[in-house]
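Engineer: Next comes the structure file query.tsv, holding TSV, C-alpha atoms.
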chain	number	residue	atom	x	y	z
A	22	MET	CA	-67.21	56.75	24.07
A	23	GLY	CA	-67.43	52.98	24.26
A	24	ASN	CA	-65.56	52.60	20.99
A	25	LYS	CA	-62.78	54.82	22.28
A	26	ARG	CA	-62.47	52.77	25.45
A	27	THR	CA	-62.40	49.54	23.41
A	28	ALA	CA	-59.57	50.87	21.22
A	29	VAL	CA	-57.55	51.78	24.32
A	30	LEU	CA	-58.05	48.29	25.75
A	31	LYS	CA	-56.96	46.69	22.47
A	32	LYS	CA	-53.85	48.83	22.39
A	33	LYS	CA	-52.95	47.83	25.98
A	34	PHE	CA	-53.58	44.16	25.17
A	35	LEU	CA	-51.27	44.24	22.12
A	36	THR	CA	-48.56	46.03	24.08
A	37	THR	CA	-48.74	43.46	26.86
A	38	LEU	CA	-48.63	40.61	24.33
A	39	ILE	CA	-45.52	42.05	22.66
A	40	LEU	CA	-43.78	42.46	26.01
A	41	LEU	CA	-44.58	38.88	26.93
A	42	CYS	CA	-43.11	37.66	23.64
A	43	LEU	CA	-39.94	39.65	24.18
A	44	VAL	CA	-39.54	38.10	27.63
A	45	CYS	CA	-40.47	34.54	26.72
A	46	VAL	CA	-38.60	34.12	23.44
A	47	PRO	CA	-35.08	34.58	24.91
A	48	ASN	CA	-36.05	32.27	27.77
A	49	ALA	CA	-37.23	29.68	25.26
A	50	VAL	CA	-33.98	29.97	23.30
A	51	SER	CA	-32.00	29.74	26.51
A	52	ALA	CA	-33.97	26.67	27.57
A	53	GLN	CA	-33.33	25.08	24.21
A	54	SER	CA	-29.61	25.84	24.53
A	55	ASP	CA	-29.57	24.45	28.04
A	56	HIS	CA	-31.05	21.20	26.74
A	57	ALA	CA	-28.54	20.93	23.85
A	58	GLU	CA	-26.86	17.57	23.64
A	59	ARG	CA	-23.35	17.90	25.00
A	60	LEU	CA	-20.81	15.81	23.11
A	61	LYS	CA	-17.20	15.06	23.94
A	62	ILE	CA	-15.26	15.58	20.71
A	63	GLY	CA	-11.85	13.91	20.63
A	64	VAL	CA	-9.44	15.84	18.41
A	65	TYR	CA	-5.97	15.06	17.12
A	66	GLU	CA	-3.96	18.05	15.93
A	67	SER	CA	-3.11	17.50	12.28
A	68	PRO	CA	-2.77	20.71	10.24
A	69	PRO	CA	-4.52	21.85	8.15
A	70	PHE	CA	-7.43	19.65	9.27
A	71	VAL	CA	-7.12	20.36	12.99
A	72	ILE	CA	-5.01	23.29	14.16
A	73	ARG	CA	-4.72	24.43	17.76
A	74	ALA	CA	-4.70	28.22	17.95
A	75	ALA	CA	-2.71	30.29	20.43
A	76	ASP	CA	-5.81	30.83	22.59
A	77	GLY	CA	-6.36	27.07	22.91
A	78	SER	CA	-9.27	26.86	20.49
A	79	PHE	CA	-9.30	24.48	17.54
A	80	GLN	CA	-9.46	25.49	13.90
A	81	GLY	CA	-8.88	23.84	10.55
A	82	MET	CA	-10.90	22.24	7.79
A	83	ALA	CA	-12.24	19.29	9.81
A	84	VAL	CA	-13.28	21.58	12.68
A	85	GLU	CA	-14.95	24.08	10.35
A	86	LEU	CA	-16.79	21.33	8.50
A	87	TRP	CA	-17.99	19.75	11.75
A	88	GLN	CA	-19.27	23.05	13.09
A	89	THR	CA	-21.04	23.79	9.81
A	90	ALA	CA	-22.59	20.33	9.55
A	91	THR	CA	-23.89	20.34	13.15
A	92	LYS	CA	-25.00	23.96	13.56
A	93	ASP	CA	-28.70	23.02	13.27
A	94	LEU	CA	-28.49	19.80	15.33
A	95	ASN	CA	-28.65	21.46	18.77
A	96	ILE	CA	-25.23	20.13	19.78
A	97	ALA	CA	-22.74	21.56	22.27
A	98	SER	CA	-19.21	20.35	21.50
A	99	GLU	CA	-16.55	19.91	24.16
A	100	TYR	CA	-13.15	19.39	22.54
A	101	ILE	CA	-10.66	17.02	24.17
A	102	GLN	CA	-7.20	16.76	22.63
A	103	TYR	CA	-5.41	13.43	22.17
A	104	HIS	CA	-1.77	13.13	21.19
A	105	ASN	CA	-1.86	10.03	19.01
A	106	PHE	CA	-4.31	8.19	16.77
A	107	ARG	CA	-4.20	4.99	18.81
A	108	ASN	CA	-5.43	6.58	22.04
A	109	LEU	CA	-7.99	8.69	20.20
A	110	THR	CA	-9.56	5.69	18.45
A	111	ALA	CA	-9.49	3.55	21.59
A	112	ALA	CA	-11.23	6.29	23.60
A	113	ALA	CA	-14.07	6.43	21.09
A	114	VAL	CA	-14.49	2.65	21.04
A	115	ARG	CA	-14.65	2.58	24.86
A	116	GLY	CA	-17.18	5.40	24.90
A	117	GLU	CA	-14.94	7.87	26.72
A	118	ILE	CA	-15.55	10.34	23.90
A	119	ASP	CA	-18.49	10.61	21.52
A	120	VAL	CA	-16.91	11.76	18.25
A	121	ILE	CA	-13.50	11.60	16.55
A	122	LEU	CA	-12.54	14.84	14.81
A	123	THR	CA	-9.38	14.86	12.65
A	124	ASN	CA	-8.26	13.52	9.28
A	125	PHE	CA	-9.66	10.12	10.26
A	126	THR	CA	-9.22	7.40	7.62
A	127	VAL	CA	-12.10	5.00	7.02
A	128	THR	CA	-11.08	1.32	7.16
A	129	HIS	CA	-13.05	-1.91	7.32
A	130	GLU	CA	-11.72	-2.63	10.80
A	131	ARG	CA	-12.65	0.81	12.13
A	132	ALA	CA	-16.12	0.68	10.57
A	133	GLN	CA	-16.83	-2.50	12.54
A	134	VAL	CA	-16.35	-0.80	15.92
A	135	LEU	CA	-17.30	2.81	15.14
A	136	SER	CA	-20.10	4.65	13.41
A	137	ILE	CA	-18.71	6.34	10.30
A	138	SER	CA	-20.09	9.38	8.47
A	139	TYR	CA	-20.18	10.02	4.75
A	140	PRO	CA	-16.55	10.59	3.59
A	141	TRP	CA	-15.67	14.21	3.00
A	142	PHE	CA	-12.05	14.08	1.73
A	143	ASP	CA	-10.09	11.82	-0.63
A	144	ALA	CA	-6.42	11.37	0.20
A	145	GLY	CA	-3.59	8.85	0.24
A	146	MET	CA	-0.11	8.46	1.65
A	147	ARG	CA	3.21	9.79	0.39
A	148	VAL	CA	6.83	9.91	1.51
A	149	MET	CA	8.63	12.92	2.99
A	150	THR	CA	12.42	13.21	2.83
A	151	ASN	CA	15.01	15.77	3.79
A	152	ASN	CA	16.29	17.49	0.64
A	153	GLU	CA	19.42	18.73	2.43
A	154	HIS	CA	21.35	15.93	0.77
A	155	LYS	CA	25.11	16.00	0.52
A	156	SER	CA	25.65	17.92	-2.67
A	157	ASP	CA	29.21	16.86	-3.42
A	158	VAL	CA	32.01	14.46	-2.53
A	159	PHE	CA	33.95	17.11	-0.61
A	160	GLU	CA	31.06	17.60	1.85
A	161	GLU	CA	30.89	13.85	2.44
A	162	LEU	CA	34.66	13.69	3.03
A	163	VAL	CA	34.32	16.45	5.62
A	164	ASP	CA	31.38	14.74	7.37
A	165	SER	CA	33.13	11.36	7.42
A	166	GLY	CA	36.39	12.79	8.81
A	167	HIS	CA	38.51	11.75	5.81
A	168	ILE	CA	39.31	15.34	4.95
A	169	TYR	CA	42.02	15.51	7.64
A	170	PRO	CA	44.16	12.69	6.21
A	171	TYR	CA	43.81	14.39	2.83
A	172	ILE	CA	45.14	17.62	4.33
A	173	TRP	CA	48.12	15.82	5.87
A	174	LEU	CA	48.73	14.07	2.54
A	175	ALA	CA	48.79	17.43	0.77
A	176	VAL	CA	51.24	18.81	3.34
A	177	LEU	CA	53.47	15.72	2.91
A	178	LEU	CA	53.48	16.04	-0.88
A	179	ALA	CA	54.31	19.73	-0.66
A	180	ALA	CA	57.20	19.09	1.79
A	181	LEU	CA	58.63	16.23	-0.29
A	182	THR	CA	58.33	18.27	-3.48
A	183	LEU	CA	60.32	21.09	-1.88
A	184	LEU	CA	63.01	18.75	-0.45
A	185	ILE	CA	63.45	16.93	-3.76
A	186	THR	CA	63.69	20.21	-5.62
A	187	LEU	CA	66.37	21.49	-3.23
A	188	ALA	CA	68.33	18.21	-3.50
A	189	ARG	CA	68.17	18.15	-7.29
A	190	ARG	CA	69.16	21.79	-7.64
A	191	ARG	CA	72.24	21.02	-5.51
A	192	PHE	CA	73.34	17.62	-6.86
A	193	ASP	CA	71.89	17.47	-10.39
A	194	LYS	CA	73.67	19.93	-12.70
A	195	ASN	CA	71.11	19.36	-15.47
A	196	PHE	CA	68.08	20.18	-13.29
A	197	HIS	CA	65.91	23.20	-14.08
A	198	LYS	CA	67.24	26.45	-12.71
A	199	GLU	CA	63.84	28.17	-12.61
A	200	TRP	CA	62.04	27.51	-9.31
A	201	LYS	CA	58.54	27.28	-10.76
A	202	LEU	CA	59.57	24.76	-13.39
A	203	GLY	CA	61.75	22.86	-10.95
A	204	LEU	CA	58.94	22.48	-8.37
A	205	ALA	CA	56.52	21.33	-11.07
A	206	ALA	CA	58.97	18.73	-12.36
A	207	SER	CA	59.70	17.42	-8.86
A	208	PHE	CA	55.99	17.11	-8.09
A	209	HIS	CA	55.38	15.25	-11.36
A	210	ASP	CA	58.25	12.82	-10.70
A	211	LEU	CA	57.04	12.29	-7.13
A	212	ILE	CA	53.55	11.26	-8.23
A	213	LEU	CA	54.94	9.12	-11.06
A	214	ALA	CA	57.28	7.32	-8.67
A	215	ALA	CA	54.41	6.67	-6.24
A	216	LYS	CA	52.37	5.14	-9.04
A	217	SER	CA	54.98	3.09	-10.95
A	218	GLY	CA	58.38	3.49	-9.32
A	219	ARG	CA	59.93	4.17	-12.71
A	220	ILE	CA	61.79	7.29	-11.59
A	221	SER	CA	64.91	6.88	-9.52
A	222	TYR	CA	67.03	9.55	-8.03
A	223	ALA	CA	70.47	8.26	-9.18
A	224	PHE	CA	72.06	11.59	-8.39
A	225	LEU	CA	71.75	10.59	-4.71
A	226	GLY	CA	73.51	7.29	-5.35
A	227	TRP	CA	72.30	4.15	-3.63
A	228	LEU	CA	70.22	6.27	-1.22
A	229	GLY	CA	68.19	7.60	-4.14
A	230	TYR	CA	67.22	4.09	-5.25
A	231	VAL	CA	66.21	3.11	-1.70
A	232	LEU	CA	64.13	6.24	-1.19
A	233	SER	CA	62.46	5.76	-4.56
A	234	GLY	CA	61.48	2.18	-3.69
A	235	LEU	CA	60.20	3.11	-0.26
A	236	TRP	CA	58.17	5.96	-1.72
A	237	MET	CA	56.64	3.56	-4.25
A	238	ILE	CA	55.47	1.28	-1.37
A	239	VAL	CA	54.02	4.26	0.50
A	240	GLY	CA	52.46	5.54	-2.71
A	241	VAL	CA	50.63	2.28	-3.38
A	242	ALA	CA	49.08	2.48	0.11
A	243	LEU	CA	48.13	6.12	-0.37
A	244	ILE	CA	46.56	5.46	-3.77
A	245	ALA	CA	44.54	2.59	-2.28
A	246	TYR	CA	43.35	4.86	0.55
A	247	VAL	CA	42.40	7.69	-1.80
A	248	THR	CA	40.58	5.32	-4.14
A	249	SER	CA	38.58	3.64	-1.36
A	250	THR	CA	37.58	6.86	0.41
A	251	LEU	CA	36.57	8.61	-2.80
A	252	THR	CA	34.53	5.59	-3.90
A	253	THR	CA	32.78	5.45	-0.52
A	254	ALA	CA	32.07	9.18	-0.61
A	255	MET	CA	30.64	9.04	-4.13
A	256	THR	CA	28.48	6.05	-3.22
A	257	THR	CA	27.13	7.83	-0.14
A	258	VAL	CA	26.33	10.96	-2.14
A	259	SER	CA	24.56	8.85	-4.73
A	260	LEU	CA	22.53	6.95	-2.12
A	261	SER	CA	21.47	10.16	-0.38
A	262	PHE	CA	19.28	10.88	-3.41
A	263	SER	CA	17.86	7.37	-3.60
A	264	ILE	CA	14.52	7.87	-1.82
A	265	LYS	CA	12.08	8.72	-4.58
A	266	SER	CA	9.10	6.52	-3.69
A	267	LEU	CA	7.75	3.83	-1.38
A	268	GLN	CA	9.89	1.19	-3.09
A	269	ASP	CA	13.08	2.92	-1.87
A	270	LEU	CA	12.21	2.66	1.83
A	271	PRO	CA	13.28	-0.91	2.73
A	272	GLY	CA	16.47	-0.71	4.77
A	273	LYS	CA	15.91	2.96	5.61
A	274	ASP	CA	14.96	4.57	8.94
A	275	VAL	CA	11.31	5.50	8.46
A	276	GLY	CA	9.11	7.48	10.85
A	277	VAL	CA	5.34	7.02	11.05
A	278	LEU	CA	2.51	8.17	13.35
A	279	ALA	CA	1.62	5.67	16.08
A	280	GLY	CA	-1.74	3.99	15.57
A	281	SER	CA	-2.21	5.48	12.11
A	282	VAL	CA	-3.18	3.61	8.96
A	283	GLY	CA	0.34	4.27	7.67
A	284	TYR	CA	1.79	2.51	10.71
A	285	ASP	CA	-0.28	-0.62	10.09
A	286	PHE	CA	0.45	-0.51	6.36
A	287	LEU	CA	4.24	-0.37	6.74
A	288	LEU	CA	4.21	-3.13	9.35
A	289	SER	CA	2.21	-5.30	6.94
A	290	MET	CA	5.05	-4.79	4.44
A	291	GLY	CA	7.52	-6.15	6.99
A	292	MET	CA	9.30	-2.83	7.46
A	293	ASP	CA	10.92	-1.66	10.68
A	294	VAL	CA	9.53	1.75	11.59
A	295	TYR	CA	9.94	4.39	14.29
A	296	SER	CA	6.57	5.47	15.68
A	297	TYR	CA	5.82	9.01	16.83
A	298	ASP	CA	2.82	10.46	18.63
A	299	GLU	CA	2.96	13.76	16.75
A	300	LEU	CA	4.26	14.66	13.32
A	301	ASP	CA	6.39	17.58	14.48
A	302	GLU	CA	8.55	15.17	16.51
A	303	ALA	CA	9.14	13.01	13.43
A	304	VAL	CA	9.84	16.06	11.26
A	305	ASN	CA	12.39	17.30	13.78
A	306	ASP	CA	14.23	13.96	13.66
A	307	LEU	CA	14.07	13.97	9.87
A	308	HIS	CA	15.53	17.47	9.76
A	309	GLN	CA	18.35	16.34	12.09
A	310	LYS	CA	18.96	13.32	9.82
A	311	LYS	CA	17.97	10.81	12.50
A	312	LEU	CA	15.38	9.54	10.01
A	313	ASP	CA	15.66	8.94	6.29
A	314	ALA	CA	11.96	9.43	5.54
A	315	ILE	CA	8.45	9.85	6.98
A	316	VAL	CA	5.33	8.11	5.70
A	317	ALA	CA	2.02	9.83	6.43
A	318	ASP	CA	-1.08	11.25	4.76
A	319	ALA	CA	-0.16	13.23	1.66
A	320	PRO	CA	-2.13	16.44	2.39
A	321	VAL	CA	-0.63	16.68	5.87
A	322	LEU	CA	2.93	16.17	4.61
A	323	GLU	CA	2.41	18.63	1.75
A	324	TYR	CA	1.07	21.21	4.19
A	325	TRP	CA	4.13	20.76	6.42
A	326	ALA	CA	6.53	21.11	3.51
A	327	TYR	CA	4.71	24.25	2.34
A	328	ALA	CA	4.35	25.83	5.78
A	329	ARG	CA	7.96	25.18	6.89
A	330	PRO	CA	10.18	25.89	3.85
A	331	GLU	CA	13.18	26.55	6.09
A	332	LEU	CA	13.31	22.83	6.94
A	333	ASN	CA	14.03	21.89	3.30
A	334	LEU	CA	11.56	19.01	3.19
A	335	ASP	CA	10.48	17.19	0.03
A	336	VAL	CA	7.32	15.14	-0.46
A	337	VAL	CA	8.20	12.56	-3.11
A	338	GLY	CA	6.61	9.74	-5.08
A	339	ASN	CA	3.04	9.08	-6.13
A	340	LEU	CA	0.07	8.57	-3.86
A	341	PHE	CA	-0.27	5.06	-2.48
A	342	TYR	CA	-2.83	3.40	-0.21
A	343	PRO	CA	-5.83	5.61	-1.17
A	344	GLU	CA	-7.78	6.90	1.83
A	345	LYS	CA	-11.10	8.55	2.59
A	346	TYR	CA	-11.54	10.84	5.60
A	347	ALA	CA	-14.77	10.89	7.59
A	348	PHE	CA	-16.16	11.74	11.00
A	349	ALA	CA	-16.49	8.83	13.41
A	350	ALA	CA	-18.42	8.24	16.61
A	351	ASN	CA	-18.96	5.43	19.06
A	352	LYS	CA	-21.79	3.07	18.23
A	353	ALA	CA	-24.23	4.91	20.52
A	354	HIS	CA	-24.35	7.77	18.04
A	355	ASP	CA	-25.42	6.06	14.81
A	356	GLY	CA	-28.26	8.56	14.44
A	357	LEU	CA	-25.92	11.50	14.83
A	358	MET	CA	-23.61	10.19	12.11
A	359	ASP	CA	-26.62	9.71	9.81
A	360	ALA	CA	-27.65	13.35	10.34
A	361	VAL	CA	-24.09	14.59	9.86
A	362	SER	CA	-23.76	12.50	6.69
A	363	LEU	CA	-26.88	14.07	5.20
A	364	GLU	CA	-25.50	17.53	5.93
A	365	VAL	CA	-22.08	16.69	4.43
A	366	ILE	CA	-23.81	15.45	1.27
A	367	ARG	CA	-25.85	18.67	1.12
A	368	LEU	CA	-22.72	20.80	1.51
A	369	HIS	CA	-21.07	18.75	-1.24
A	370	GLU	CA	-23.98	19.29	-3.60
A	371	LEU	CA	-24.05	23.04	-2.88
A	372	GLY	CA	-20.33	23.36	-3.60
A	373	GLU	CA	-19.60	24.56	-0.07
A	374	LEU	CA	-17.44	21.53	0.70
A	375	LYS	CA	-15.33	22.23	-2.39
A	376	ALA	CA	-14.99	25.88	-1.38
A	377	MET	CA	-13.83	24.78	2.06
A	378	LYS	CA	-11.18	22.51	0.53
A	379	GLU	CA	-9.92	25.33	-1.69
A	380	LYS	CA	-9.71	27.62	1.35
A	381	TYR	CA	-7.14	25.33	2.96
A	382	PHE	CA	-5.46	23.71	-0.07
A	383	GLY	CA	-5.92	26.21	-2.89
A	384	PRO	CA	-7.85	25.64	-6.13
A	385	GLU	CA	-7.75	22.24	-7.77
A	386	ASP	CA	-5.84	21.80	-11.00
A	387	PHE	CA	-8.88	20.39	-12.79
Go through the file and emit its structure as structure tokens.
Structural biologist:
Amino acid sequence: MGNKRTAVLKKKFLTTLILLCLVCVPNAVSAQSDHAERLKIGVYESPPFVIRAADGSFQGMAVELWQTATKDLNIASEYIQYHNFRNLTAAAVRGEIDVILTNFTVTHERAQVLSISYPWFDAGMRVMTNNEHKSDVFEELVDSGHIYPYIWLAVLLAALTLLITLARRRFDKNFHKEWKLGLAASFHDLILAAKSGRISYAFLGWLGYVLSGLWMIVGVALIAYVTSTLTTAMTTVSLSFSIKSLQDLPGKDVGVLAGSVGYDFLLSMGMDVYSYDELDEAVNDLHQKKLDAIVADAPVLEYWAYARPELNLDVVGNLFYPEKYAFAANKAHDGLMDAVSLEVIRLHELGELKAMKEKYFGPEDF
């Protein structure tokens, strides 16, 4: 009887213990979550590294990597969007935000004022141009407004050809009787007279000589106009294809992101640039031919060109100014960057970082 009572007591004790565990474990997890370190994460939208979704959340390779690398660090991230690199970096230096999250390039200057993680992406800069170049001289003549004088010139030649043909048929007994042949001959003589003045219309008497001389003077002016406008049009068409690399940018209107490494680099080259807070503003101006080119990080430009084929954008030239992307934090979070660096290295060794890159950029060619 005693053994039976003991077994019942043991059963009740175990049941009570299990119930206590079920109640306490969620509370413990909740307490741990409540004590998670809350970090202000400054983000700059730069597809495909940081993409703002329709619901306001942030996605992209940099966001996914950050969330993966910090999932075991008991961190609660509050994302704050900035609209240019300059303000984002300055906010981190001042301590207004804890971490910078975007395709952030590591530089010696930035490493002096910020805590930098292990680099997780190799990149560089390239040039984007608008491939809607003028394809022929006629299009350039239309755009420059010279097509209208050409139309009036054609009308004038046609009218003079007809008048000369009518006059010759009436006063020159040896002139061609067939209209088609007569018009062709009159047109030929008209052009020849404009060029050299060798043809005179003696059948009109002294008036024919005067008209021939006057037409030669007018013809010289017309030939000079046609030559100059065609030369200008051909030169413009040729120059519209001239941006093939960084070396072709001097003298061009170049857009660059404000506060970016590309901005500082082009200024160091002595180039005049137009700065933009966001790339879509620069791309819009490039598409409307307000800019000749944009200089920015190659993967970002290549993503834009791929994602927006209707804009007819080309990314040209080789990579220049090699870059490495990393996470960055203000100096109060050196320990956090050390922990994140170790996790990025682990993900690299496991091949997960490579898989993440291929998810957003496709498989590598080697």
Engineer: Atom CA of A:Phe142 and atom CA of A:Glu373, how far apart in Å?
Structural biologist: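 One can read the atom CA of A:Glu373 to atom CA of A:Phe142 distance as 13.0 Å.
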Engineer: Closest to A:Pro68 among A:His209, A:Thr253, A:Gly81, A:Asn151, using all atoms listed in the file?
Structural biologist: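 Closest to A:Pro68, using all atoms listed in the file: A:Gly81.
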Engineer: I'd like the interatomic distance between atom CA of A:Val316 and atom CA of A:Arg147, to a tenth of an Å.
Structural biologist: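 Spanning atom CA of A:Val316 to atom CA of A:Arg147 is a straight-line distance of 6.0 Å.
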Engineer: In Å, how far is it from atom CA of A:Ser296 to atom CA of A:Val134?
Structural biologist: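 Value for the atom CA of A:Ser296-atom CA of A:Val134 distance: 23.8 Å.
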Engineer: Determine, counting all atoms listed in the file, which protein, DNA and RNA residues have an atom within 12 Å of an atom of A:His129; residues of the same chain fewer than 4 positions away are not included. Present the result as a list in words.
Structural biologist: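 The filter keeps Gln133, Val134, Leu135, Ser136, Ile137, Val282, Glu344 and Lys345 of chain A.
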Engineer: Here's a test: counting all atoms listed in the file, identify every protein, DNA and RNA residue with an atom at most 12 Å from (-0.4, 9.3, -5.9) in the file's coordinate frame, and state them as a list in words.
Structural biologist: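 Looking at atoms near the point gives Asp143, Ala144, Gly145, Met146, Arg147, Val148, Ser266, Leu267, Asp318, Ala319, Pro320, Val336, Val337, Gly338, Asn339, Leu340, Phe341, Tyr342, Pro343 and Glu344 of chain A.
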Engineer: At most 8 Å is the cut-off: for each residue in stretch 101-209 of chain A with any atom that close to an atom of stretch 351-371 of chain A, write down the nearest atom pair and the distance in Å rounded to one decimal, counting all atoms listed in the file, chain first then increasing number, as JSON lines.
Structural biologist:
{"residue": "A:Ala113", "atom": "CA", "partner": "A:Asn351", "partner_atom": "CA", "distance": 5.4}
{"residue": "A:Val114", "atom": "CA", "partner": "A:Asn351", "partner_atom": "CA", "distance": 5.6}
{"residue": "A:Arg115", "atom": "CA", "partner": "A:Asn351", "partner_atom": "CA", "distance": 7.8}
{"residue": "A:Gly116", "atom": "CA", "partner": "A:Asn351", "partner_atom": "CA", "distance": 6.1}
{"residue": "A:Ile118", "atom": "CA", "partner": "A:Asn351", "partner_atom": "CA", "distance": 7.7}
{"residue": "A:Asp119", "atom": "CA", "partner": "A:Asn351", "partner_atom": "CA", "distance": 5.8}
{"residue": "A:Val120", "atom": "CA", "partner": "A:Asn351", "partner_atom": "CA", "distance": 6.7}
{"residue": "A:Val134", "atom": "CA", "partner": "A:Lys352", "partner_atom": "CA", "distance": 7.1}
{"residue": "A:Leu135", "atom": "CA", "partner": "A:Asn351", "partner_atom": "CA", "distance": 5.0}
{"residue": "A:Ser136", "atom": "CA", "partner": "A:Lys352", "partner_atom": "CA", "distance": 5.3}
{"residue": "A:Ile137", "atom": "CA", "partner": "A:Met358", "partner_atom": "CA", "distance": 6.5}
{"residue": "A:Ser138", "atom": "CA", "partner": "A:Met358", "partner_atom": "CA", "distance": 5.1}
{"residue": "A:Tyr139", "atom": "CA", "partner": "A:Ser362", "partner_atom": "CA", "distance": 4.8}
{"residue": "A:Trp141", "atom": "CA", "partner": "A:Val365", "partner_atom": "CA", "distance": 7.0}
Engineer: Considering all atoms listed in the file, can you say which of A:Leu162, A:Ala326, A:Asp306, A:Asp335 comes closest to A:Thr252?
Structural biologist: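 For A:Thr252, the nearest of the given residues is A:Leu162.
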Engineer: Compare A:Glu331, A:Glu323, A:Ala350, A:Ala254 by their minimum atom-to-atom distance to A:Phe382, counting all atoms listed in the file, and give me the closest one.
Structural biologist: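 Among the listed residues, the smallest separation from A:Phe382 belongs to A:Glu323.
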Engineer: For a quick check of understanding, using all atoms listed in the file, which of A:Ser263, A:Thr123, A:Thr186, A:Thr89 has the smallest distance to A:His104?
Structural biologist: A:Thr123
Engineer: Between A:Gln88, A:Ser281, A:Thr150, A:Gln268, which residue has the minimum interatomic distance to A:Leu307, considering only C-alpha atoms?
Structural biologist: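 Using only C-alpha atoms, A:Leu307 sits closest to A:Thr150.
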Engineer: At a cut-off of 12 Å, using all atoms listed in the file, what residues contact A:Gln80? Leave out same-chain residues fewer than 2 positions from it and give the result as a ChimeraX atom specification.
Structural biologist: /A:64-78,82-88,100,122-123,381
Engineer: Smallest atom-to-atom distance to A:Gly291: which of A:Ala206, A:Leu334, A:Val241, A:Leu270, using all atoms listed in the file?
Structural biologist: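 Of A:Ala206, A:Leu334, A:Val241, A:Leu270, the one nearest A:Gly291, counting all atoms listed in the file, is A:Leu270.
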